[in-house]
>>> print(open('work_28.tsv').read())   # TSV, C-alpha atoms
chain	number	residue	atom	x	y	z
X	276	MET	CA	-7.71	27.53	-23.27
X	277	ILE	CA	-10.44	26.15	-21.03
X	278	GLU	CA	-10.88	27.83	-17.67
X	279	ALA	CA	-12.60	26.31	-14.66
X	280	ILE	CA	-15.29	28.40	-12.97
X	281	GLY	CA	-15.84	27.78	-9.28
X	282	PHE	CA	-13.67	26.86	-6.32
X	283	VAL	CA	-11.39	24.17	-4.93
X	284	GLU	CA	-10.42	24.00	-1.26
X	285	PRO	CA	-6.75	23.56	-0.33
X	286	GLY	CA	-5.76	19.92	-0.69
X	287	PHE	CA	-8.06	19.27	-3.67
X	288	GLU	CA	-6.14	21.24	-6.30
X	289	GLU	CA	-5.41	18.00	-8.18
X	290	VAL	CA	-9.12	17.64	-8.95
X	291	ARG	CA	-9.04	20.98	-10.79
X	292	GLU	CA	-5.97	19.86	-12.77
X	293	VAL	CA	-7.62	16.60	-13.78
X	294	PHE	CA	-10.92	18.33	-14.61
X	295	LEU	CA	-9.12	20.72	-16.97
X	296	GLY	CA	-7.01	17.85	-18.33
X	297	ASN	CA	-10.14	16.03	-19.42
X	298	PHE	CA	-10.80	18.76	-21.98
X	299	GLU	CA	-7.35	18.25	-23.52
X	300	LYS	CA	-7.01	14.47	-23.18
X	301	HIS	CA	-10.52	13.03	-23.21
X	302	ASP	CA	-12.59	15.15	-25.60
X	303	GLU	CA	-14.59	16.95	-22.92
X	304	VAL	CA	-16.80	19.77	-24.25
X	305	GLY	CA	-18.84	21.10	-21.33
X	306	ALA	CA	-18.89	19.62	-17.84
X	307	SER	CA	-19.21	20.12	-14.11
X	308	VAL	CA	-17.84	18.27	-11.10
X	309	CYS	CA	-18.63	18.72	-7.42
X	310	VAL	CA	-17.27	16.99	-4.32
X	311	TYR	CA	-18.57	17.17	-0.78
X	312	LEU	CA	-16.42	16.01	2.14
X	313	ASN	CA	-18.06	15.29	5.48
X	314	GLY	CA	-21.12	17.32	4.55
X	315	ARG	CA	-19.47	20.42	3.06
X	316	PRO	CA	-18.40	21.30	-0.49
X	317	VAL	CA	-14.67	21.16	-1.23
X	318	VAL	CA	-14.80	21.16	-5.05
X	319	ASP	CA	-17.36	22.87	-7.28
X	320	LEU	CA	-16.19	23.42	-10.87
X	321	THR	CA	-17.74	24.00	-14.29
X	322	GLY	CA	-16.10	24.61	-17.64
X	323	GLY	CA	-16.30	24.43	-21.41
X	324	THR	CA	-19.15	25.33	-23.73
X	325	THR	CA	-22.64	24.26	-24.73
X	326	THR	CA	-23.52	23.28	-28.29
X	327	ASP	CA	-24.89	26.75	-29.00
X	328	GLY	CA	-21.67	28.44	-27.92
X	329	ARG	CA	-22.68	29.55	-24.44
X	330	PRO	CA	-20.31	29.04	-21.50
X	331	TYR	CA	-21.00	25.82	-19.63
X	332	ASP	CA	-21.28	27.39	-16.20
X	333	GLU	CA	-23.02	27.26	-12.84
X	334	ASN	CA	-26.33	28.10	-14.53
X	335	SER	CA	-26.18	25.11	-16.92
X	336	LEU	CA	-28.48	22.13	-16.45
X	337	GLN	CA	-27.87	18.66	-17.85
X	338	LEU	CA	-29.96	15.57	-18.57
X	339	VAL	CA	-28.17	12.74	-16.73
X	340	PHE	CA	-29.85	9.51	-17.90
X	341	SER	CA	-29.55	6.70	-15.31
X	342	THR	CA	-27.90	8.88	-12.70
X	343	THR	CA	-31.59	9.71	-12.17
X	344	LYS	CA	-32.14	6.21	-10.78
X	345	GLY	CA	-30.14	7.07	-7.67
X	346	MET	CA	-32.44	10.04	-6.99
X	347	THR	CA	-35.50	7.81	-7.39
X	348	ALA	CA	-33.99	5.22	-5.05
X	349	VAL	CA	-33.45	7.87	-2.37
X	350	CYS	CA	-37.15	8.76	-2.59
X	351	ALA	CA	-38.15	5.12	-2.07
X	352	HIS	CA	-35.81	4.73	0.91
X	353	MET	CA	-37.16	7.88	2.53
X	354	LEU	CA	-40.67	6.44	2.34
X	355	ALA	CA	-39.43	3.17	3.87
X	356	GLN	CA	-37.60	5.12	6.56
X	357	ALA	CA	-40.85	6.89	7.45
X	358	GLY	CA	-42.60	3.51	7.81
X	359	ASP	CA	-44.83	4.06	4.78
X	360	LEU	CA	-43.22	1.53	2.42
X	361	ASP	CA	-42.20	-2.08	3.05
X	362	PHE	CA	-39.77	-3.48	0.48
X	363	ASP	CA	-40.58	-7.06	1.45
X	364	VAL	CA	-44.31	-7.07	0.70
X	365	PRO	CA	-45.76	-7.90	-2.73
X	366	VAL	CA	-46.12	-5.01	-5.14
X	367	ILE	CA	-49.85	-5.75	-5.42
X	368	GLU	CA	-50.39	-4.51	-1.85
X	369	TYR	CA	-49.68	-1.02	-3.17
X	370	TRP	CA	-50.53	-1.51	-6.85
X	371	PRO	CA	-53.30	-4.16	-7.13
X	372	GLU	CA	-53.49	-4.07	-10.95
X	373	PHE	CA	-49.86	-5.21	-11.16
X	374	GLY	CA	-50.59	-8.89	-10.47
X	375	ASP	CA	-51.37	-10.14	-14.01
X	376	TYR	CA	-49.24	-12.87	-15.66
X	377	GLY	CA	-47.90	-14.36	-12.45
X	378	LYS	CA	-46.58	-11.09	-11.03
X	379	GLY	CA	-48.61	-11.30	-7.83
X	380	ASN	CA	-45.73	-12.52	-5.67
X	381	ILE	CA	-43.13	-10.00	-6.84
X	382	PRO	CA	-41.94	-8.01	-3.79
X	383	VAL	CA	-41.14	-4.32	-4.03
X	384	SER	CA	-37.44	-5.11	-3.50
X	385	TRP	CA	-37.30	-6.92	-6.85
X	386	LEU	CA	-38.33	-3.72	-8.64
X	387	LEU	CA	-35.43	-1.88	-7.03
X	388	SER	CA	-32.93	-4.66	-7.82
X	389	HIS	CA	-33.91	-5.38	-11.44
X	390	ARG	CA	-35.38	-8.85	-10.84
X	391	SER	CA	-38.98	-8.50	-12.00
X	392	GLY	CA	-38.35	-9.39	-15.66
X	393	LEU	CA	-40.22	-6.28	-16.84
X	394	VAL	CA	-37.40	-4.73	-18.85
X	395	ASP	CA	-39.99	-3.84	-21.49
X	396	THR	CA	-43.73	-3.83	-22.06
X	397	SER	CA	-45.43	-6.66	-23.94
X	398	MET	CA	-47.05	-4.17	-26.32
X	399	SER	CA	-45.59	-1.51	-28.60
X	400	LEU	CA	-46.03	2.12	-27.56
X	401	THR	CA	-45.62	5.40	-29.40
X	402	LEU	CA	-43.53	8.21	-27.99
X	403	ASP	CA	-46.67	10.18	-27.13
X	404	GLU	CA	-47.98	7.18	-25.20
X	405	ALA	CA	-44.64	6.76	-23.42
X	406	LEU	CA	-44.86	10.34	-22.16
X	407	ASP	CA	-48.18	9.63	-20.47
X	408	TRP	CA	-47.57	8.19	-16.99
X	409	ASP	CA	-50.85	6.29	-16.65
X	410	THR	CA	-50.51	4.71	-20.10
X	411	VAL	CA	-47.04	3.32	-19.33
X	412	THR	CA	-47.82	2.05	-15.83
X	413	ALA	CA	-51.00	0.37	-17.10
X	414	ALA	CA	-48.96	-1.27	-19.88
X	415	LEU	CA	-46.40	-2.55	-17.38
X	416	ALA	CA	-49.13	-3.92	-15.11
X	417	ALA	CA	-50.62	-5.75	-18.10
X	418	SER	CA	-47.27	-7.11	-19.35
X	419	LYS	CA	-45.79	-10.56	-19.03
X	420	PRO	CA	-42.26	-10.70	-17.55
X	421	LEU	CA	-39.50	-11.71	-19.96
X	422	TRP	CA	-38.23	-14.27	-17.43
X	423	GLU	CA	-39.67	-15.89	-14.34
X	424	PRO	CA	-39.41	-13.14	-11.72
X	425	GLY	CA	-36.68	-13.69	-9.18
X	426	THR	CA	-34.84	-16.37	-11.17
X	427	GLN	CA	-32.40	-13.89	-12.72
X	428	HIS	CA	-31.66	-10.20	-12.83
X	429	GLY	CA	-31.33	-7.85	-15.75
X	430	TYR	CA	-30.98	-4.09	-15.91
X	431	HIS	CA	-34.39	-2.42	-16.28
X	432	ALA	CA	-32.78	0.54	-18.03
X	433	ILE	CA	-35.93	2.60	-18.63
X	434	THR	CA	-38.84	0.73	-17.02
X	435	TYR	CA	-37.23	0.92	-13.55
X	436	GLY	CA	-38.40	4.51	-13.27
X	437	TRP	CA	-42.08	3.82	-13.86
X	438	LEU	CA	-42.05	0.65	-11.73
X	439	VAL	CA	-40.46	2.27	-8.69
X	440	GLY	CA	-42.08	5.63	-9.40
X	441	GLU	CA	-45.57	4.14	-9.41
X	442	ILE	CA	-44.93	2.58	-6.00
X	443	ILE	CA	-43.83	6.00	-4.74
X	444	ARG	CA	-46.98	7.56	-6.22
X	445	ARG	CA	-49.30	4.94	-4.73
X	446	VAL	CA	-47.73	5.23	-1.27
X	447	SER	CA	-47.18	9.00	-1.06
X	448	GLY	CA	-50.01	10.29	-3.24
X	449	MET	CA	-47.45	12.36	-5.15
X	450	GLY	CA	-45.91	11.90	-8.56
X	451	ILE	CA	-42.18	11.24	-8.42
X	452	GLY	CA	-41.31	14.77	-9.53
X	453	GLU	CA	-43.45	16.36	-6.83
X	454	TYR	CA	-42.17	13.98	-4.16
X	455	PHE	CA	-38.53	14.63	-5.06
X	456	GLN	CA	-39.08	18.38	-5.14
X	457	THR	CA	-40.96	18.49	-1.83
X	458	HIS	CA	-38.92	16.07	0.24
X	459	ILE	CA	-35.42	16.43	-1.22
X	460	ALA	CA	-34.87	19.36	-3.60
X	461	ASP	CA	-36.61	22.00	-1.48
X	462	ARG	CA	-34.90	20.79	1.70
X	463	LEU	CA	-31.44	20.87	0.15
X	464	GLY	CA	-31.86	23.80	-2.21
X	465	LEU	CA	-31.20	21.76	-5.36
X	466	ASP	CA	-31.24	22.53	-9.05
X	467	PHE	CA	-32.48	19.07	-10.04
X	468	TRP	CA	-35.84	17.98	-11.42
X	469	VAL	CA	-37.62	14.87	-12.65
X	470	GLY	CA	-39.97	16.70	-14.98
X	471	LEU	CA	-38.32	20.02	-15.78
X	472	PRO	CA	-40.53	23.14	-15.57
X	473	LYS	CA	-40.75	25.00	-18.88
X	474	GLU	CA	-39.28	28.13	-17.32
X	475	GLN	CA	-36.03	26.20	-16.77
X	476	HIS	CA	-35.72	24.84	-20.33
X	477	HIS	CA	-33.43	27.65	-21.47
X	478	ARG	CA	-30.76	26.44	-19.04
X	479	VAL	CA	-30.43	22.93	-20.49
X	480	ALA	CA	-27.18	22.05	-22.26
X	481	ARG	CA	-28.11	19.77	-25.15
X	482	LEU	CA	-26.40	16.41	-25.36
X	483	ILE	CA	-23.75	15.61	-27.96
X	484	PRO	CA	-24.30	11.97	-29.02
X	485	MET	CA	-21.57	9.46	-28.37
X	486	GLY	CA	-19.38	8.18	-31.21
X	487	LEU	CA	-19.72	4.51	-32.08
X	488	PRO	CA	-17.27	2.00	-33.56
X	489	GLY	CA	-17.00	1.44	-37.29
X	490	GLY	CA	-18.45	4.78	-38.32
X	491	MET	CA	-21.89	3.93	-36.99
X	492	GLY	CA	-23.79	6.69	-35.24
X	493	LEU	CA	-26.87	7.13	-33.16
X	494	PRO	CA	-30.06	7.60	-35.15
X	495	ASP	CA	-30.93	10.99	-36.54
X	496	GLN	CA	-27.51	12.50	-35.87
X	497	GLN	CA	-27.61	14.02	-39.32
X	498	ARG	CA	-31.18	15.27	-38.82
X	499	ASP	CA	-30.83	16.64	-35.30
X	500	THR	CA	-28.40	19.50	-35.72
X	501	THR	CA	-29.37	20.88	-32.32
X	502	ALA	CA	-27.63	17.90	-30.74
X	503	GLY	CA	-24.28	19.37	-31.72
X	504	ASP	CA	-23.18	16.14	-33.38
X	505	SER	CA	-19.43	15.89	-33.51
X	506	ALA	CA	-19.26	12.13	-33.67
X	507	GLY	CA	-19.97	11.88	-37.39
X	508	GLY	CA	-20.98	8.73	-39.15
X	509	GLY	CA	-24.39	7.21	-39.00
X	510	GLY	CA	-26.76	5.17	-41.05
X	511	LYS	CA	-27.82	2.31	-38.85
X	512	SER	CA	-30.38	3.05	-36.19
X	513	PHE	CA	-29.54	2.28	-32.58
X	514	THR	CA	-31.94	-0.67	-32.55
X	515	GLU	CA	-30.58	-2.02	-35.84
X	516	MET	CA	-27.05	-1.76	-34.54
X	517	LEU	CA	-27.82	-3.77	-31.41
X	518	ASP	CA	-29.74	-6.33	-33.44
X	519	SER	CA	-26.76	-6.78	-35.76
X	520	PHE	CA	-24.43	-7.33	-32.81
X	521	LEU	CA	-26.67	-9.33	-30.48
X	522	GLY	CA	-29.46	-10.74	-32.66
X	523	PRO	CA	-33.03	-9.54	-33.20
X	524	GLY	CA	-35.08	-8.94	-30.09
X	525	ASN	CA	-32.05	-8.90	-27.76
X	526	LEU	CA	-32.74	-7.87	-24.17
X	527	LEU	CA	-30.32	-4.94	-24.24
X	528	GLY	CA	-32.05	-3.39	-27.22
X	529	ARG	CA	-35.49	-3.87	-25.68
X	530	ALA	CA	-34.35	-2.43	-22.34
X	531	LEU	CA	-32.76	0.67	-23.85
X	532	THR	CA	-35.66	1.50	-26.19
X	533	ALA	CA	-38.50	0.68	-23.77
X	534	PRO	CA	-41.37	1.05	-23.28
X	535	GLY	CA	-42.45	-0.85	-26.35
X	536	GLY	CA	-39.79	0.65	-28.60
X	537	ALA	CA	-40.99	4.20	-27.95
X	538	LEU	CA	-37.50	5.50	-27.13
X	539	GLY	CA	-35.73	3.83	-30.04
X	540	ASP	CA	-34.72	7.20	-31.54
X	541	GLN	CA	-32.00	8.40	-29.20
X	542	GLY	CA	-32.34	11.93	-30.57
X	543	VAL	CA	-35.52	12.42	-28.53
X	544	TRP	CA	-33.52	13.08	-25.36
X	545	ASN	CA	-32.73	16.56	-26.70
X	546	GLU	CA	-36.42	17.36	-27.11
X	547	PRO	CA	-38.09	19.69	-24.56
X	548	ARG	CA	-41.15	17.43	-24.27
X	549	ILE	CA	-38.84	14.70	-22.93
X	550	TRP	CA	-37.34	17.14	-20.41
X	551	SER	CA	-40.79	18.00	-19.05
X	552	ALA	CA	-42.02	14.39	-18.76
X	553	ALA	CA	-41.56	12.11	-15.77
X	554	ILE	CA	-39.16	9.28	-16.68
X	555	PRO	CA	-37.54	8.72	-13.29
X	556	SER	CA	-35.01	6.22	-14.59
X	557	ALA	CA	-33.52	8.46	-17.24
X	558	ASN	CA	-34.63	12.09	-17.62
X	559	GLY	CA	-33.50	13.75	-14.41
X	560	ILE	CA	-32.06	17.18	-15.20
X	561	GLY	CA	-29.74	19.03	-12.87
X	562	ASN	CA	-26.12	19.78	-12.13
X	563	ALA	CA	-23.14	18.19	-10.42
X	564	ARG	CA	-23.57	20.30	-7.29
X	565	SER	CA	-27.10	19.00	-6.70
X	566	ILE	CA	-26.10	15.37	-7.26
X	567	ALA	CA	-23.13	15.59	-4.91
X	568	ARG	CA	-25.28	17.33	-2.32
X	569	VAL	CA	-27.91	14.55	-2.37
X	570	TYR	CA	-25.33	11.81	-1.97
X	571	SER	CA	-23.55	13.70	0.79
X	572	ALA	CA	-26.89	14.12	2.61
X	573	CYS	CA	-27.38	10.34	2.43
X	574	ILE	CA	-24.31	9.79	4.61
X	575	ASP	CA	-23.86	13.07	6.54
X	576	GLU	CA	-25.68	16.20	7.57
X	577	VAL	CA	-25.62	18.91	4.91
X	578	ASP	CA	-26.60	22.29	6.31
X	579	GLY	CA	-28.52	20.50	9.05
X	580	GLN	CA	-30.29	18.08	6.67
X	581	ARG	CA	-29.71	14.32	6.46
X	582	LEU	CA	-31.85	12.23	4.12
X	583	LEU	CA	-31.13	8.63	5.18
X	584	ASN	CA	-30.35	7.41	8.68
X	585	PRO	CA	-27.67	4.74	9.21
X	586	ASP	CA	-30.16	1.86	9.51
X	587	THR	CA	-31.89	2.86	6.28
X	588	LEU	CA	-28.54	3.14	4.52
X	589	ASP	CA	-27.42	-0.27	5.76
X	590	ARG	CA	-30.58	-1.84	4.34
X	591	ALA	CA	-30.17	-0.01	1.04
X	592	LEU	CA	-26.64	-1.34	0.53
X	593	VAL	CA	-27.24	-5.05	1.14
X	594	GLN	CA	-26.26	-6.70	-2.14
X	595	GLN	CA	-29.37	-8.16	-3.79
X	596	VAL	CA	-27.96	-9.75	-6.95
X	597	SER	CA	-24.72	-11.32	-8.13
X	598	GLY	CA	-23.35	-12.84	-11.31
X	599	PRO	CA	-23.80	-11.69	-14.91
X	600	ASP	CA	-26.66	-9.32	-15.62
X	601	SER	CA	-29.04	-10.78	-18.23
X	602	VAL	CA	-29.31	-7.42	-20.01
X	603	LEU	CA	-25.88	-5.81	-19.56
X	604	MET	CA	-24.05	-9.16	-19.70
X	605	MET	CA	-21.58	-8.12	-17.01
X	606	PRO	CA	-21.71	-8.64	-13.23
X	607	ILE	CA	-22.75	-5.30	-11.75
X	608	PRO	CA	-23.90	-5.76	-8.14
X	609	PHE	CA	-26.99	-3.87	-7.02
X	610	GLY	CA	-28.35	-3.06	-3.61
X	611	LEU	CA	-31.86	-1.64	-3.39
X	612	GLY	CA	-31.80	0.89	-6.20
X	613	PHE	CA	-28.07	1.64	-6.13
X	614	MET	CA	-25.09	0.22	-7.97
X	615	LEU	CA	-22.46	-1.02	-5.54
X	616	HIS	CA	-18.70	-0.62	-5.97
X	617	SER	CA	-17.19	-3.36	-8.13
X	618	GLU	CA	-14.79	-3.97	-11.00
X	619	PHE	CA	-17.53	-3.12	-13.50
X	620	SER	CA	-19.13	-0.30	-11.49
X	621	GLY	CA	-16.13	1.40	-9.94
X	622	PHE	CA	-16.75	4.27	-7.56
X	623	SER	CA	-14.04	4.96	-4.97
X	624	THR	CA	-13.68	2.28	-2.28
X	625	ASP	CA	-15.55	-0.75	-0.98
X	626	GLY	CA	-18.77	0.43	0.59
X	627	SER	CA	-19.33	3.25	-1.90
X	628	PHE	CA	-22.58	3.33	-3.85
X	629	GLY	CA	-24.35	5.39	-6.46
X	630	HIS	CA	-25.38	5.29	-10.09
X	631	TYR	CA	-23.79	5.94	-13.46
X	632	GLY	CA	-25.70	7.42	-16.39
X	633	ALA	CA	-25.34	6.62	-20.08
X	634	GLY	CA	-22.60	8.66	-21.70
X	635	GLY	CA	-20.70	9.42	-18.52
X	636	SER	CA	-22.68	11.22	-15.79
X	637	LEU	CA	-22.23	9.97	-12.24
X	638	GLY	CA	-23.32	10.42	-8.66
X	639	PHE	CA	-22.04	8.42	-5.70
X	640	ALA	CA	-21.29	8.47	-1.99
X	641	ASP	CA	-18.39	6.91	-0.11
X	642	PRO	CA	-19.30	6.59	3.58
X	643	GLY	CA	-15.78	5.54	4.50
X	644	LEU	CA	-14.16	8.60	2.96
X	645	GLY	CA	-17.10	10.89	3.71
X	646	ILE	CA	-17.46	11.82	0.04
X	647	GLY	CA	-20.48	12.87	-2.00
X	648	PHE	CA	-19.61	13.16	-5.69
X	649	GLY	CA	-21.40	14.52	-8.77
X	650	TYR	CA	-20.29	14.82	-12.38
X	651	VAL	CA	-22.30	15.84	-15.45
X	652	MET	CA	-21.34	16.58	-19.06
X	653	ASN	CA	-22.84	17.35	-22.45
X	654	LYS	CA	-20.48	15.19	-24.57
X	655	MET	CA	-21.55	11.55	-24.28
X	656	GLN	CA	-18.93	8.82	-24.52
X	657	LEU	CA	-19.49	5.12	-25.11
X	658	SER	CA	-19.80	3.64	-21.64
X	659	LEU	CA	-22.25	1.96	-19.30
X	660	ALA	CA	-20.38	2.63	-16.08
X	661	GLY	CA	-17.83	5.37	-16.40
X	662	ASP	CA	-15.08	6.35	-18.81
X	663	LYS	CA	-11.62	7.92	-18.64
X	664	ARG	CA	-13.05	11.25	-17.52
X	665	THR	CA	-14.81	9.89	-14.45
X	666	GLY	CA	-12.02	7.43	-13.74
X	667	SER	CA	-9.42	10.19	-13.60
X	668	LEU	CA	-11.62	12.45	-11.47
X	669	ILE	CA	-12.41	9.70	-8.96
X	670	ALA	CA	-8.72	8.81	-8.65
X	671	ALA	CA	-7.86	12.46	-8.00
X	672	VAL	CA	-10.59	12.77	-5.37
X	673	LYS	CA	-9.37	9.63	-3.60
X	674	ARG	CA	-5.77	10.85	-3.53
X	675	SER	CA	-6.85	14.29	-2.31
X	676	ALA	CA	-9.09	12.89	0.43
X	677	ALA	CA	-6.28	10.63	1.61
X	678	ARG	CA	-4.04	13.67	2.09
X	679	ILE	CA	-6.56	15.57	4.22
>>> encode(input="work_28.tsv", output="structure tokens")
Amino acid sequence: MIEAIGFVEPGFEEVREVFLGNFEKHDEVGASVCVYLNGRPVVDLTGGTTTDGRPYDENSLQLVFSTTKGMTAVCAHMLAQAGDLDFDVPVIEYWPEFGDYGKGNIPVSWLLSHRSGLVDTSMSLTLDEALDWDTVTAALAASKPLWEPGTQHGYHAITYGWLVGEIIRRVSGMGIGEYFQTHIADRLGLDFWVGLPKEQHHRVARLIPMGLPGGMGLPDQQRDTTAGDSAGGGGKSFTEMLDSFLGPGNLLGRALTAPGGALGDQGVWNEPRIWSAAIPSANGIGNARSIARVYSACIDEVDGQRLLNPDTLDRALVQQVSGPDSVLMMPIPFGLGFMLHSEFSGFSTDGSFGHYGAGGSLGFADPGLGIGFGYVMNKMQLSLAGDKRTGSLIAAVKRSAARI
């Protein structure tokens, strides 16, 4: 029998019931959920186990894939709010080397809204090369876009982090991990890192790969026993699987294995060297409490701290793209760095914003309801923007908030 560790304020008891129900109904293994309401925590729960049999508790840390993108976007908006970054100017004003192959007129805003066409590098890279910041950013600067910039949009699944992160580095003089730690994590007292210190590695709950249709599995599931594989199956690599479905060289496959195919083996996300690197689109490591706290601080004061003022937030949430995404092939609307509420990126109500992560993790804010929400888990499920676990939790939070 799974027990939930933590607290729930009166009126939010349904969230605890749904959280525990996810273990029985939706194959949850280890997870955490946190909800802030009007700047204060009202739900903070953990439960389940890690792959090595430890309790999944308040000390557990989790890699959250693209939920990291929301943290990176907050950093960029804080620089703009301070007057140090202008989203409307060409990237080359901050990053002169970026202008090759007709990229000289790309504004910073197109990096944040997935319009640059740089979903991958033009050259192949090894994993070791992909873990070196300067190597990847130089490769992106020297790459030709896969479509004419600005003519379409397509999810820059991995490269987003280096593109936006390099702007942050050029403007602030700090790497993305240092900037996030100094200007956000230290202010809010977070357990969240982009580039995890080695002394925190022991806290990480390793990911359990998602199951795939037809008995296919992610690569190296049989080899990587530390991943706690319960999905079974396997044989085709992730890249081979996408190629068989979508054709060789498809944009989704290139985006998910970028840069230059270096991240084609999905088993690498359970490797400590990945945890310690800076991949600010995908390797943020933290907990639900920290994610909820950041999003709450974007819309309210949290212990006297507010990250984004109303004008900054309004600018961030202006929809930048519409129609089908050239990579994801579904119409997910983006503001500047954030997913916006829609049929295919459902948060809570119109006006809510945030970012999903592969396998299920999620962070979002709902200014109308006053909600900051965070959810992390070690068992990945096949989804790009939520699954039954997050759907049921969000519905319970909405119903609870409506009763307050």
>>> residues_around(input="work_28.tsv", residues="X:Lys663", least_positions_apart="3", cutoff="8 Å", atoms="all atoms listed in the file", output="PyMOL selection string")
chain X and resi 301+666-667
>>> closest_residue(input="work_28.tsv", among="X:Gly535, X:Val308, X:Phe294, X:Arg329", to="X:Ser399", atoms="all atoms listed in the file")
X:Gly535
>>> closest_atom_pairs(input="work_28.tsv", of="stretch 582-668 of chain X", to="stretch 375-397 of chain X", cutoff="8 Å", atoms="all atoms listed in the file", output="tab-separated table")
residue	atom	partner	partner_atom	distance
X:Gln595	CA	X:Ser388	CA	6.4
X:Val596	CA	X:Ser388	CA	7.2
X:Phe609	CA	X:Ser388	CA	6.0
X:Gly610	CA	X:Ser388	CA	6.4
X:Leu611	CA	X:Leu387	CA	5.1
X:Gly612	CA	X:Leu387	CA	4.6
>>> closest_atom_pairs(input="work_28.tsv", of="stretch 361-446 of chain X", to="stretch 468-477 of chain X", cutoff="12 Å", atoms="only C-alpha atoms", output="CSV")
residue,atom,partner,partner_atom,distance
X:Leu406,CA,X:Gly470,CA,10.8
X:Trp408,CA,X:Gly470,CA,11.6
X:Gly436,CA,X:Val469,CA,10.4
X:Trp437,CA,X:Val469,CA,12.0
X:Gly440,CA,X:Val469,CA,10.8
>>> residues_around(input="work_28.tsv", residues="stretch 578-583 of chain X", least_positions_apart="6", cutoff="12 Å", atoms="all atoms listed in the file", output="VMD selection string")
chain X and resid 311 313 to 316 346 348 to 357 455 458 to 464 568 to 572 589 to 592
>>> residues_around(input="work_28.tsv", residues="X:Gly635", least_positions_apart="3", cutoff="10 Å", atoms="all atoms listed in the file", output="list of chain:residue names")
X:Val339, X:Phe340, X:Ser341, X:Thr342, X:Met485, X:Tyr631, X:Gly632, X:Tyr650, X:Val651, X:Met652, X:Asn653, X:Lys654, X:Met655, X:Gln656, X:Leu657, X:Ser658, X:Leu659, X:Ala660, X:Gly661, X:Asp662, X:Lys663, X:Arg664, X:Thr665
>>> write_last_selection(input="work_28.tsv", atoms="C-alpha atoms", output="short mmCIF file (atom, residue, chain, number, x, y, z; two decimals), in the coordinates of the input")
data_model
loop_
_atom_site.label_atom_id
_atom_site.label_comp_id
_atom_site.auth_asym_id
_atom_site.auth_seq_id
_atom_site.Cartn_x
_atom_site.Cartn_y
_atom_site.Cartn_z
CA VAL X 339 -28.17 12.74 -16.73
CA PHE X 340 -29.85 9.51 -17.90
CA SER X 341 -29.55 6.70 -15.31
CA THR X 342 -27.90 8.88 -12.70
CA MET X 485 -21.57 9.46 -28.37
CA TYR X 631 -23.79 5.94 -13.46
CA GLY X 632 -25.70 7.42 -16.39
CA TYR X 650 -20.29 14.82 -12.38
CA VAL X 651 -22.30 15.84 -15.45
CA MET X 652 -21.34 16.58 -19.06
CA ASN X 653 -22.84 17.35 -22.45
CA LYS X 654 -20.48 15.19 -24.57
CA MET X 655 -21.55 11.55 -24.28
CA GLN X 656 -18.93 8.82 -24.52
CA LEU X 657 -19.49 5.12 -25.11
CA SER X 658 -19.80 3.64 -21.64
CA LEU X 659 -22.25 1.96 -19.30
CA ALA X 660 -20.38 2.63 -16.08
CA GLY X 661 -17.83 5.37 -16.40
CA ASP X 662 -15.08 6.35 -18.81
CA LYS X 663 -11.62 7.92 -18.64
CA ARG X 664 -13.05 11.25 -17.52
CA THR X 665 -14.81 9.89 -14.45
#
>>> residues_around(input="work_28.tsv", residues="X:Leu400", least_positions_apart="2", cutoff="7 Å", atoms="all atoms listed in the file", output="PyMOL selection string")
chain X and resi 398+402+404-405+534-537
>>> closest_residue(input="work_28.tsv", among="X:Ala670, X:Thr410, X:Asp641, X:Leu538", to="X:Leu312", atoms="all atoms listed in the file")
X:Asp641
>>> closest_residue(input="work_28.tsv", among="X:Val310, X:Gly286, X:Ser597, X:Gln456", to="X:Leu644", atoms="only C-alpha atoms")
X:Val310
>>> atom_distance(input="work_28.tsv", atom1="atom CA of X:Ala671", atom2="atom CA of X:Ile574")
20.9 Å
>>> closest_residue(input="work_28.tsv", among="X:Asp332, X:Glu576, X:Asp403, X:Asp540", to="X:Arg564", atoms="only C-alpha atoms")
X:Asp332
>>> closest_residue(input="work_28.tsv", among="X:Glu333, X:Glu618, X:Glu299, X:Asp625", to="X:Gly561", atoms="only C-alpha atoms")
X:Glu333
>>> closest_residue(input="work_28.tsv", among="X:Val602, X:Val593, X:Val411, X:Ile280", to="X:His616", atoms="only C-alpha atoms")
X:Val593
>>> axis_aligned_box(input="work_28.tsv", around="stretch 333-346 of chain X", padding_each_side="3 Å", output="JSON")
{"center_x": -27.7, "center_y": 17.2, "center_z": -12.8, "size_x": 15.4, "size_y": 27.9, "size_z": 17.6}
>>> atom_distance(input="work_28.tsv", atom1="atom CA of X:Ser335", atom2="atom CA of X:Arg478")
5.2 Å
